[in-house]
Amino acid sequence: MNRRSRARLAVAALAAVAALAAGGAAGLVRAGLARQVPFVGWLAGPARPGELPVGAPGGTGPRRLRIAAIGVDSPLEALHLDHTGALQAPVEYAEAGWFADGTVPGDAGPAVIAGHIDSRLGRAVFYELSRLRAGDAVEVQRGDAWLRFVVTATGRYAKTAFPTHAVYGPTPDAQLRLITCGGTFDRAEGSYVDNFVVYATLARTTSGQG
Amino acid sequence: MNMRRLATAALALALPLAVAAPAHAREAAGGDGKGYVRLAHLSPDTPEVDVHLKALSGTMKEQVFRGVGYGVMSAYLALPVGGYEVGMAPSKPPGSPVILTTLVTVEPGGAYTVAGVGKYADLGLRVLRDDLSMPPGDQAKVRVIQASVQAPVLGVSLPDGQTIADNVAFATTTAYQTVRPGTFNLVIHPANGRSDTGVQADLAAGNVYSLLILDGAAGALKTELRTDATRDGVVPAGGVATGAGGLAGSGAWPLYGGAALLVLVAAGAAWGIRRRLKTL
């Protein structure tokens, strides 16, 4: 092979490698670096063995969350307050969690469910929460029954001006708030600057008792 | 294919990668668009009534609540913002026409009690403005709705003497009083010298209550503590840290930008090689 054809071959190879690298990098980002953060729809499954049941003794707390409009189907962790008095986030990026020291979903009052919008590597359970609109259904399993909440409003707020009264204030009826992050990501702080909140009201149970 | 085309093609591949960033969450609009209305019969000598609720906009089918007796207060109905007409008709004989109406305008997040008040001779419909907002601190909020004619003016206090309400006249409601949470024996003392009445009230932190005072049997007072709005547990401070930034725009840029750079470098190298080929 003469010099010219070898050079041509080198050029072709270089171009091919470049194209592959570009496509590969794009693919990696889109897949959220694959197996480490699977897309939530694939992760649904039973609780890990040895995991304590969420909610009050007797297992009357909520077990599972389903939001058909954005493909969420997740078990619910029990969330508590951290040492600063702020609500903890779920341990698993692919799972939502309910504020277990507050109103139980389905009881009168504001029940709260929080979930991550993303992990360090890709999407998390509430990645598409901001797509919810008034009228969308949010279902929570409690015991054998599925409670059906209907979205009434949404809002995005700076964390420095979090609407505590609107989110945690008393209500006459059974309501639900879904919370995730939004806005720009502050790299110095390592967190998003906003919270996105979805408000919903209990419509009816779809099956079983309660 | 000549080298210039290859370089152009490589550039064309790089540019979309450089400008295509992951979509940021769209800002969603807020707005509740609902309020709460409840209906009450607070006239001691008016027989049972049927209460009619109609939306002025005509978007809601007229609702009728039948056989509402003295002291009955419905649960709150969540209603879309707008104007409504509340009417009362005697339950008997059936088919009696509405004898009283009033209008209530529901504002976003507003709460209202529409009550038939006064003695039958001066029966009126009154719209009470309720406030279901969270009490300050970790306290409870309570107000008195006075619907007793036997004790037309009364006061309500806590055992330690703290006044909940003073000189409350029949067919009126008081402003909300903020109190520390706990179980209390509230004392109702009529101003006309009749004996006091005690009521045990469990007032939980963060909850809003209305204490309804009614005429009971044999000249006694009857009370009903209604929980207007409720919540459970401690209030978390601030928001929630629910995102690690993996899909934030600035996070993906280095990856996209790096890929674009790689392609540009490869294209440049290819072009450089071609140039060298030419000079051979």
# chains A, B, ... in the order shown; residues from 1 in each chain; ligands from 1
>>> residues_around(residues="Gly182 of chain B", least_positions_apart="4", cutoff="9 Å", atoms="only C-alpha atoms", output="ChimeraX atom specification")
/B:140,201-205
>>> residues_around(residues="His116 of chain A", least_positions_apart="6", cutoff="10 Å", atoms="only C-alpha atoms", output="list in words")
Ala89, Pro90, Val91, Glu92, Tyr93, Ala94, Glu95, Ala96, Gly97, Arg123, Ala124, Val125, Phe126, Tyr127, Leu129, Ile179, Thr180, Cys181 and Gly182 of chain A; Val240, Ala241, Thr242, Gly243, Ala244 and Gly245 of chain B
>>> atom_distance(atom1="atom CA of Ala270 of chain B", atom2="atom CA of Ala12 of chain A")
8.1 Å
>>> select_by_dssp(residues="segment 198-266 of chain B", states="strand (DSSP E or B)", output="MDAnalysis selection string")
chainID B and resid 198:203 208:215 221:230
>>> closest_residue(among="A:Ala100, A:Ala13, A:Ile117, A:Ala111", to="chain B", atoms="only C-alpha atoms")
A:Ile117
>>> closest_residue(among="B:Lys141, B:Lys222, B:His41, B:Arg180", to="chain A", atoms="only C-alpha atoms")
B:Lys141
>>> residues_around(residues="Tyr168 of chain A", least_positions_apart="3", cutoff="7 Å", atoms="only C-alpha atoms", output="PyMOL selection string")
(chain A and resi 110+164-165) or (chain B and resi 235)
>>> atom_distance(atom1="atom CA of Gly58 of chain B", atom2="atom CA of Val72 of chain B")
27.0 Å
>>> residues_around(residues="Asn207 of chain B", least_positions_apart="3", cutoff="10 Å", atoms="only C-alpha atoms", output="MDAnalysis selection string")
(chainID A and resid 109 169:172) or (chainID B and resid 132:135 138:142 181 203:204 227:232)
>>> residues_around(residues="Ile213 of chain B", least_positions_apart="2", cutoff="8 Å", atoms="only C-alpha atoms", output="JSON, numbers by chain")
{"B": [144, 145, 146, 147, 148, 211, 215, 221, 222, 223, 224]}
>>> closest_residue(among="B:Ala89, B:Ala267, B:Val98, B:Val234", to="Asp101 of chain A", atoms="only C-alpha atoms")
B:Val234
>>> residues_around(residues="Gly122 of chain A", least_positions_apart="2", cutoff="6 Å", atoms="only C-alpha atoms", output="number ranges by chain")
A: 32, 118-119; B: 246-247
>>> atom_distance(atom1="atom CA of Ala175 of chain B", atom2="atom CA of Ala166 of chain A")
21.4 Å
